[in-house]
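Following: one structure in structure tokens, then a few remarks.
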Amino acid sequence: MRFQPVIGLEVHVQLKTSTKIFCGCSTSFGSQPNSQTCPVCLGLPGALPVLNKKVVEFAIKAGLSTNCSITPRSVFARKNYFYPDLPKGYQISQFEDPICQHGWLDIDVNGETKRIGITRIHMEEDAGKLVHGDVSGLEEGSGVDLNRACTPLLEVVSEPDLRSSDEAVSYLKQLHQIVTWLGICDGNMEEGSFRCDANVSVMPVGSATLGTRAEIKNVNSFKFVKQAIEYEIQRQIELIEDGGTVVQETRLFDPNSGKTRSMRGKEEAHDYRYFPDPDLVPLVIDEAWVERTRHGLPELPEQRRQRFMTDFALSDYDAGVLTASRELADYFESCVSLDVNAKSVSNWVMGEITRSLNDSGTSIAQCPVTPPLLVGLLKLIDGGTISGKIAKTVFDEMWRSGKDPAVIVEEQGLVQVSDSGAIEAIIDEILTREAGQVEEYRSGKDKLFGFFVGQVMKASKGKANPAVVNELLLGKLKGR
Amino acid sequence: MDILDQSIHELHQRLKSKEISSVETARAMLARIESVEPQIGSFITVTPEQALADAEAADRRIAAGQMDVLTGIPLALKDIFLTEGIRTTCGSRILDNFVPPYSATSWEKLKERGVVLLGKLNQDEFAMGSSNESSAYGTVRNPWDTDRIPGGSSGGSAAAVAARQATATLGTDTGGSIRQPASHCGCVGLKPTYGRVSRYGVIAYASSLDQVGPLTRDVTDSAIMLGALAGHDPKDSTSVNTPVPDYSAALTGTIKGLRIGLPREYFIEGLDPDVHKAMDAAIESYRRLGAEFVDISLPHTDYAVATYYLIATAEASSNLARYDGVRFGHRAEGAAGLLDMYTKSRSEGFGAEVKRRIMLGTYALSSGYYDAYYVKAQKVRTLIMQDFICAFEAVDVILTPVAPTPAFKIGEKVADPLQMYLSDIFTIPVNLAGTCAMSIPAGISASGLPIGLQLIGKPFGEETILRAAHAFEQATEWHTRKAVI
């Protein structure tokens, strides 16, 4: 029997607000344990939550960017369970009336577009964290650090529309791109700013009934999402083929072994006893607020990609790469706005710039070669002052020193030689030295042309204008 | 003149004229507390140093001419109000060691006015009770008859006023917890409209029902205290941002043409004959003052107690989850692991009534029962609210008894929770509707116990009920009767 995997994702997006969702404490990381706390996020008796409006704004942005409708009257609910990192014994979340509903994202699956439904997006507070053993001055036992408690999260729940680990990763990457693009999440998966739980089931191909699903927790990178889902699909298929049945349970992914293991079964599942939080009034969002937010939205990655293709005649692929992040797209556009050929900007950004950024682990925002500098370089090439080859040397120097390309060219004497007399002299010398090769070329070995060009360029230390070299060389070899 | 008998407004005049000082007043009150506490037990914590320091500060303010009507007035708070640096137990063993790092907004507001804090008052544990017998710090005795309960849950707050241990006190009212003890102890108790006074820093029992209010010697004091407490608090999302009127100015003394509703569902068989008689006499008094009476119906009254015990316990089960022994409060010794620590700490820390309500509420919210209990109760709550909205189309104020009987004997209803719950039958609907009401002295039973009259107002209609209460007070003498102790 062949099986069809069915996958739905629940993604937790930590919002980049400066204060927490229900109090004024800072959301900054790395402070002393429990230093970023107050009666509200400590869950002290008598303390009451007050909603941070910025969180609502961010949630509306996320909803509008994923084609959701914004719920005019949404409600906060308490999710009740006991754990030491949960100070109040309940998490304030949303249950029956979440802020965003019925959205979708289009993902690319082998060149085809596939629409993935988004059931809902809701706002909630994060829990604190437990510190075990000899950490933070703790001699033994476990400690509770509530700095993270009450930091704002969005939970984005997809429909079970994904059919493979690749589709899941593609969806996840697109969602990641949107929330970082909107500037509402820093997207750091290692630090848990963007984390994912996967609901995975399998059913026989052609079946209309979904199989029993397992929820996989703790998958904190795109690689692990792929790994965890693939492992889980295989585990479930093998289980069924061996005559077993999949049980509804929560499983934990172990990145070291690449396996998932059972965390708790259905019978141990919590009864969260959700009910509307009486401490918070229903959140009313009028149409004007939604429209204001809509107008304030940046151009989204997909729209920008389309525009890059039409405005700058870029290929689908190039436009996709250049809109991978908002900062990269901004960089590209700043260059293009300085009146230079878009295609050569695209080549340089995707080539030298990307390579240098990757090699040095620098982000585009910190790129030492700013758009005016890069454009300056491209203009030197276009104007024939330097060759494309020399330009790479100049670029490396620009990266190191941040100097203006014209200054580098001047200082290092890299100006291209276009004077035909000077080039002719070099060619004559080469052709005399390589008489044997000239003979072979003339007897039909056309491929040797490149060899001669190489020799001339080398002799000119790369400064000879390649177009002039080509023209003169061809004339001489053909015996003209 | 006896300092102990003074109302806020009387004491204010004497402090203003420098006839007495705030320190003298505080000393007199502290001495009174010391002498009658063994018989009454209204305090969990007395704060003599704090009181004297506050009084000295008040005297300096008075000397500097920066006096306010509340400056130098000795008050005490139900132990449900967080007081920075002063132990706050909520009547529970689980908070026996809890010294809060911040103060309730209502207490902050009073402090700014220069009041003197005498201490923290006894109450039913987590405000769950109608008799003050569920306190972990002993039963409070009714100053009118020490074999009887003072009412609850703000029993200490009412008894302290009646026993002249404080000029006025603060309580909270979730289902009658200010009005019922005020009625049983012969003082004035006001439960403002939900959202009128901040709940920030008040330990939550049932968040959608809890409201802060004063217990005082007379209606004038009630108006003064409400004026000090009311107002929007940005720290409480449920506090309402509407202007605070001058409540004292509302006490005009005239109520001619006031339409008073008498809900037939509240004048039932089984109402204590003395209570019935007191209500009849009060109606007669109001008639003489020029009020008009209208027979009205609040048809869903019968469902109020059941509705309340679903909603209040559901919210309480969640509100009380934070008492887990992890960050503050009681933690059991020798627990074998996390679950055991939770179980032991909570088993040892909570009393029987609190446990009962946590279990009831947990059940009502459980998967499979939620719709049948919690959701249904919310629907009935809406119907009860609508009862009041309809009624207030025809009347300005609704008059009812506060409790079906005067104060009962200590121990009388402990074994029968349902009987106990029914003693709040006339006060609970007001909390479910979210509106305001007060209890004023309106009679003495044959056995010498005070009987309270309840005036229910429209949402944010505190001025009207205060005016009606004040007019009654002017025309009668019940508020001048004192417990002999």
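Identifiers in the structure tokens: chain A, B, ... in order shown; residue index from 1 per chain; ligand index from 1 in order shown.
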
- Item | Within 9 Å of chain B: residues of chain A, using only C-alpha atoms, as number ranges by chain | A: 23, 39, 42-51, 78, 80-84, 86-90, 144, 271-275, 277-281

Residues from last step as file, C-alpha atoms, as a compact mmCIF listing (two decimals), in the first residue's frame:
# COMPACT_ATOMS: atom_id res chain seq x y z
CA CYS A 23 2.81 44.61 31.29
CA PRO A 39 3.81 41.87 39.73
CA LEU A 42 5.31 37.28 38.10
CA GLY A 43 1.63 36.38 38.55
CA LEU A 44 1.48 37.95 41.99
CA PRO A 45 -1.88 38.02 43.76
CA GLY A 46 -4.00 40.98 42.72
CA ALA A 47 -2.03 41.80 39.56
CA LEU A 48 -4.01 42.35 36.36
CA PRO A 49 -3.05 42.22 32.66
CA VAL A 50 -3.30 45.24 30.35
CA LEU A 51 -3.00 44.54 26.63
CA ARG A 78 -7.25 31.38 29.84
CA ASN A 80 -5.23 26.40 32.51
CA TYR A 81 -2.42 24.05 33.50
CA PHE A 82 0.19 23.80 36.22
CA TYR A 83 3.88 24.17 35.51
CA PRO A 84 6.54 26.10 37.43
CA LEU A 86 3.74 29.39 34.17
CA PRO A 87 3.33 31.88 37.02
CA LYS A 88 -0.44 32.28 37.07
CA GLY A 89 -1.25 28.62 36.53
CA TYR A 90 -2.83 29.66 33.24
CA VAL A 144 12.58 29.54 37.42
CA ASP A 271 -7.81 19.42 29.78
CA TYR A 272 -6.94 23.09 29.48
CA ARG A 273 -10.37 24.29 30.63
CA TYR A 274 -10.32 27.29 28.32
CA PHE A 275 -12.68 30.11 29.24
CA ASP A 277 -10.38 35.80 30.63
CA PRO A 278 -12.57 38.02 32.82
CA ASP A 279 -9.62 40.37 33.46
CA LEU A 280 -9.49 41.49 29.82
CA VAL A 281 -12.35 43.06 27.96

- Message: I'd like to know which residues of region 56-162 of chain A are alpha helix (DSSP H) (by DSSP, run on the backbone); could you write them as a list of chain:residue names?
- Response: A:Val56, A:Glu57, A:Phe58, A:Ala59, A:Ile60, A:Lys61, A:Ala62, A:Gly63, A:Leu64, A:Ser65

- Message: Need to verify the contact set: Leu300 (chain A), 12 Å, only C-alpha atoms, exclusion of same-chain residues closer than 5 positions in sequence. Can you return it as a VMD selection string?
- Response: chain A and resid 61 to 62 64 to 67 174 to 175 177 to 183 294 305 to 307 323 to 326 329

Kindly save the residues from that selection, with N, CA and C atoms included, as a CSV table (one decimal), in the first residue's frame.
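This is the output file selection-v7.csv:
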chain,number,residue,atom,x,y,z
A,61,LYS,N,-1.0,43.1,11.2
A,61,LYS,CA,-0.1,43.1,10.1
A,61,LYS,C,0.1,41.7,9.5
A,62,ALA,N,0.3,40.8,10.5
A,62,ALA,CA,0.6,39.4,10.1
A,62,ALA,C,-0.7,38.8,9.4
A,64,LEU,N,-3.1,40.4,7.8
A,64,LEU,CA,-3.3,41.0,6.5
A,64,LEU,C,-2.3,40.5,5.4
A,65,SER,N,-1.1,40.2,5.9
A,65,SER,CA,-0.1,39.7,5.0
A,65,SER,C,-0.2,38.2,4.7
A,66,THR,N,-1.1,37.5,5.4
A,66,THR,CA,-1.4,36.1,5.1
A,66,THR,C,-2.8,35.9,4.7
A,67,ASN,N,-3.4,37.0,4.1
A,67,ASN,CA,-4.8,36.9,3.5
A,67,ASN,C,-5.9,36.5,4.5
A,174,GLN,N,8.3,30.6,3.8
A,174,GLN,CA,7.6,31.7,3.3
A,174,GLN,C,7.0,32.6,4.5
A,175,LEU,N,6.5,31.8,5.5
A,175,LEU,CA,5.9,32.5,6.6
A,175,LEU,C,7.0,33.3,7.4
A,177,GLN,N,9.7,34.4,6.1
A,177,GLN,CA,10.1,35.6,5.3
A,177,GLN,C,9.1,36.7,5.5
A,178,ILE,N,7.8,36.4,5.6
A,178,ILE,CA,6.8,37.5,5.8
A,178,ILE,C,7.0,38.1,7.1
A,179,VAL,N,7.1,37.4,8.2
A,179,VAL,CA,7.2,38.0,9.5
A,179,VAL,C,8.4,38.8,9.8
A,180,THR,N,9.5,38.3,9.2
A,180,THR,CA,10.8,39.1,9.3
A,180,THR,C,10.7,40.4,8.4
A,181,TRP,N,10.1,40.2,7.2
A,181,TRP,CA,9.9,41.3,6.3
A,181,TRP,C,9.1,42.4,6.9
A,182,LEU,N,8.0,42.0,7.6
A,182,LEU,CA,7.1,43.0,8.3
A,182,LEU,C,7.8,43.6,9.4
A,183,GLY,N,8.9,43.1,9.9
A,183,GLY,CA,9.7,43.6,11.0
A,183,GLY,C,9.0,43.4,12.3
A,294,ARG,N,-3.5,48.4,7.0
A,294,ARG,CA,-3.2,47.9,5.7
A,294,ARG,C,-2.4,49.0,4.9
A,305,ARG,N,8.6,40.9,-5.7
A,305,ARG,CA,9.2,40.0,-6.7
A,305,ARG,C,8.6,40.2,-8.1
A,306,GLN,N,7.2,40.3,-8.1
A,306,GLN,CA,6.5,40.5,-9.3
A,306,GLN,C,7.0,41.9,-10.0
A,307,ARG,N,7.1,42.9,-9.1
A,307,ARG,CA,7.4,44.2,-9.6
A,307,ARG,C,8.9,44.2,-10.2
A,323,THR,N,14.5,39.2,-3.5
A,323,THR,CA,13.5,39.5,-2.5
A,323,THR,C,13.4,38.5,-1.3
A,324,ALA,N,14.5,37.8,-1.1
A,324,ALA,CA,14.6,36.8,-0.1
A,324,ALA,C,14.4,37.6,1.3
A,325,SER,N,15.0,38.8,1.4
A,325,SER,CA,14.7,39.5,2.6
A,325,SER,C,14.5,41.0,2.2
A,326,ARG,N,13.8,41.7,3.1
A,326,ARG,CA,13.5,43.1,2.7
A,326,ARG,C,14.7,43.9,2.6
A,329,ALA,N,16.4,43.3,-0.8
A,329,ALA,CA,15.6,43.9,-1.8
A,329,ALA,C,15.8,45.5,-1.8

Compile the contact shell of Met279 (chain B) as a PDB file with N, CA and C atoms, in the first residue's frame: residues with an atom at most 10 Å away, counting only C-alpha atoms, same-chain residues fewer than 2 positions apart removed.
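Dumped to selection09.pdb:
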ATOM      1  N   PHE B 267     -39.851  39.267  48.016  1.00  0.00           N
ATOM      2  CA  PHE B 267     -40.686  39.295  49.223  1.00  0.00           C
ATOM      3  C   PHE B 267     -41.455  37.983  49.277  1.00  0.00           C
ATOM      4  N   PRO B 273     -39.910  37.062  59.686  1.00  0.00           N
ATOM      5  CA  PRO B 273     -40.970  38.055  59.957  1.00  0.00           C
ATOM      6  C   PRO B 273     -40.423  39.410  60.411  1.00  0.00           C
ATOM      7  N   ASP B 274     -39.351  39.405  61.172  1.00  0.00           N
ATOM      8  CA  ASP B 274     -38.768  40.678  61.610  1.00  0.00           C
ATOM      9  C   ASP B 274     -38.205  41.452  60.422  1.00  0.00           C
ATOM     10  N   VAL B 275     -37.600  40.715  59.503  1.00  0.00           N
ATOM     11  CA  VAL B 275     -37.058  41.349  58.292  1.00  0.00           C
ATOM     12  C   VAL B 275     -38.216  41.924  57.480  1.00  0.00           C
ATOM     13  N   HIS B 276     -39.284  41.147  57.363  1.00  0.00           N
ATOM     14  CA  HIS B 276     -40.452  41.585  56.614  1.00  0.00           C
ATOM     15  C   HIS B 276     -41.021  42.860  57.220  1.00  0.00           C
ATOM     16  N   LYS B 277     -41.116  42.855  58.536  1.00  0.00           N
ATOM     17  CA  LYS B 277     -41.662  44.006  59.251  1.00  0.00           C
ATOM     18  C   LYS B 277     -40.785  45.252  59.004  1.00  0.00           C
ATOM     19  N   ALA B 281     -41.896  48.759  57.254  1.00  0.00           N
ATOM     20  CA  ALA B 281     -41.717  50.056  57.921  1.00  0.00           C
ATOM     21  C   ALA B 281     -40.889  50.997  57.044  1.00  0.00           C
ATOM     22  N   ALA B 282     -39.883  50.426  56.396  1.00  0.00           N
ATOM     23  CA  ALA B 282     -39.032  51.259  55.532  1.00  0.00           C
ATOM     24  C   ALA B 282     -39.834  51.793  54.353  1.00  0.00           C
ATOM     25  N   ILE B 283     -40.688  50.938  53.791  1.00  0.00           N
ATOM     26  CA  ILE B 283     -41.525  51.367  52.661  1.00  0.00           C
ATOM     27  C   ILE B 283     -42.418  52.537  53.105  1.00  0.00           C
ATOM     28  N   GLU B 284     -42.952  52.409  54.317  1.00  0.00           N
ATOM     29  CA  GLU B 284     -43.812  53.453  54.864  1.00  0.00           C
ATOM     30  C   GLU B 284     -43.020  54.771  55.019  1.00  0.00           C
ATOM     31  N   SER B 285     -41.795  54.637  55.541  1.00  0.00           N
ATOM     32  CA  SER B 285     -40.956  55.836  55.708  1.00  0.00           C
ATOM     33  C   SER B 285     -40.722  56.523  54.368  1.00  0.00           C
ATOM     34  N   LEU B 399     -35.865  48.389  45.970  1.00  0.00           N
ATOM     35  CA  LEU B 399     -35.714  48.185  47.411  1.00  0.00           C
ATOM     36  C   LEU B 399     -35.989  46.721  47.752  1.00  0.00           C
ATOM     37  N   THR B 400     -35.053  46.120  48.487  1.00  0.00           N
ATOM     38  CA  THR B 400     -35.220  44.714  48.896  1.00  0.00           C
ATOM     39  C   THR B 400     -34.572  44.525  50.267  1.00  0.00           C
ATOM     40  N   PRO B 401     -34.850  43.379  50.913  1.00  0.00           N
ATOM     41  CA  PRO B 401     -34.035  43.056  52.082  1.00  0.00           C
ATOM     42  C   PRO B 401     -32.619  42.725  51.624  1.00  0.00           C
ATOM     43  N   ALA B 442     -31.925  49.363  58.953  1.00  0.00           N
ATOM     44  CA  ALA B 442     -33.351  49.672  58.774  1.00  0.00           C
ATOM     45  C   ALA B 442     -34.222  48.978  59.819  1.00  0.00           C
ATOM     46  N   GLY B 443     -33.616  48.522  60.895  1.00  0.00           N
ATOM     47  CA  GLY B 443     -34.457  47.895  61.906  1.00  0.00           C
ATOM     48  C   GLY B 443     -33.647  47.048  62.854  1.00  0.00           C
ATOM     49  N   ILE B 451     -31.032  44.830  61.193  1.00  0.00           N
ATOM     50  CA  ILE B 451     -31.599  44.354  59.932  1.00  0.00           C
ATOM     51  C   ILE B 451     -31.282  45.412  58.872  1.00  0.00           C
ATOM     52  N   GLY B 452     -30.782  44.948  57.723  1.00  0.00           N
ATOM     53  CA  GLY B 452     -30.390  45.893  56.677  1.00  0.00           C
ATOM     54  C   GLY B 452     -31.398  45.953  55.547  1.00  0.00           C
ATOM     55  N   LEU B 453     -31.397  47.123  54.925  1.00  0.00           N
ATOM     56  CA  LEU B 453     -32.255  47.366  53.776  1.00  0.00           C
ATOM     57  C   LEU B 453     -31.335  47.532  52.567  1.00  0.00           C
ATOM     58  N   GLN B 454     -31.688  46.886  51.444  1.00  0.00           N
ATOM     59  CA  GLN B 454     -30.853  47.017  50.248  1.00  0.00           C
ATOM     60  C   GLN B 454     -31.494  47.965  49.233  1.00  0.00           C
TER      61      GLN B 454
END

- Query: Which value, in Å to one decimal, gives the distance between CA of Pro72 (chain A) and CA of Glu299 (chain A)?
  - Reply: 24.5 Å

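Residues of region 241-378 of chain A that DSSP, applied to the backbone, places in strand (DSSP E or B): A:Glu249, A:Thr250, A:Arg251, A:Leu252, A:Phe253, A:Asp254, A:Lys259, A:Thr260, A:Arg261, A:Ser262, A:Met263, A:Arg264, A:Gly265, A:Phe275, A:Pro276, A:Leu283, A:Val284.
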
Could you dump the residues just selected with C-alpha atoms as a compact mmCIF listing (two decimals), in the first residue's frame?
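The file below, selection.txt, is the result:
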# COMPACT_ATOMS: atom_id res chain seq x y z
CA GLU A 249 0.03 11.63 21.11
CA THR A 250 2.54 14.39 21.56
CA ARG A 251 6.05 13.50 20.44
CA LEU A 252 9.31 15.25 21.00
CA PHE A 253 11.94 15.62 18.26
CA ASP A 254 15.49 14.88 19.32
CA LYS A 259 14.11 10.74 15.85
CA THR A 260 10.84 11.55 17.56
CA ARG A 261 9.81 9.96 20.82
CA SER A 262 6.56 9.86 22.75
CA MET A 263 6.11 12.65 25.29
CA ARG A 264 2.52 12.08 26.41
CA GLY A 265 -0.42 10.13 25.08
CA PHE A 275 -12.68 30.11 29.24
CA PRO A 276 -12.78 33.83 28.42
CA LEU A 283 -10.76 43.34 21.85
CA VAL A 284 -12.75 45.41 19.38

- Give me the residues within 9 Å of Gln39 (chain B) as JSON, numbers by chain, counting only C-alpha atoms and dropping any in the same chain fewer than 4 places off. {"B": [35, 140, 141, 143, 146, 485]}

I need the chosen residues saved as a PDB file, in the first residue's frame, with N, CA and C atoms.
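In the end it all went to result21.pdb:
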ATOM      1  N   SER B  35      -8.590  46.292  73.449  1.00  0.00           N
ATOM      2  CA  SER B  35      -9.513  45.859  74.497  1.00  0.00           C
ATOM      3  C   SER B  35     -10.620  44.943  73.976  1.00  0.00           C
ATOM      4  N   VAL B 140     -14.820  35.559  63.159  1.00  0.00           N
ATOM      5  CA  VAL B 140     -15.117  36.884  63.719  1.00  0.00           C
ATOM      6  C   VAL B 140     -16.479  36.792  64.395  1.00  0.00           C
ATOM      7  N   ARG B 141     -16.622  37.481  65.547  1.00  0.00           N
ATOM      8  CA  ARG B 141     -17.902  37.448  66.256  1.00  0.00           C
ATOM      9  C   ARG B 141     -18.658  38.751  66.028  1.00  0.00           C
ATOM     10  N   PRO B 143     -20.489  41.897  66.940  1.00  0.00           N
ATOM     11  CA  PRO B 143     -20.459  42.742  68.135  1.00  0.00           C
ATOM     12  C   PRO B 143     -21.836  42.901  68.805  1.00  0.00           C
ATOM     13  N   THR B 146     -22.169  38.063  70.424  1.00  0.00           N
ATOM     14  CA  THR B 146     -20.920  37.376  70.076  1.00  0.00           C
ATOM     15  C   THR B 146     -21.085  35.868  69.854  1.00  0.00           C
ATOM     16  N   ILE B 485     -20.836  46.820  73.455  1.00  0.00           N
ATOM     17  CA  ILE B 485     -19.644  45.988  73.725  1.00  0.00           C
ATOM     18  C   ILE B 485     -18.540  46.856  74.310  1.00  0.00           C
TER      19      ILE B 485
END

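The two atoms in question, CA of Ala249 (chain B) and CA of His9 (chain B), are spaced 13.8 Å apart.
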
- Quick one: pull the distance between CA of Thr174 (chain B) and CA of Ser153 (chain B), Å, one decimal. 8.9 Å

- Message: Give me the residues near region 184-192 of chain B as JSON, numbers by chain, where near means some atom within 8 Å (using only C-alpha atoms) and where sequence neighbours in that chain fewer than 6 positions away do not count.
- Response: {"B": [142, 143, 144, 150, 151, 158, 159, 161, 162, 172, 173, 178, 211, 212, 213, 214, 215, 216, 217, 218, 219, 222, 226, 406, 407, 435, 436, 437, 438, 439, 440, 441, 449, 450, 451, 452, 460, 462, 479, 481, 482]}

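Across A:Val157, A:Leu322, A:Val6, A:Leu431, the tightest approach to Ser201 (chain A) is made by A:Val6 when counting only C-alpha atoms.
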
- Item | Near-region 458-470 of chain A list (7 Å; only C-alpha atoms; drop same-chain fewer than 2 positions) as an MDAnalysis selection string | chainID A and resid 387 390 414:418 420 423 453:456 472:474
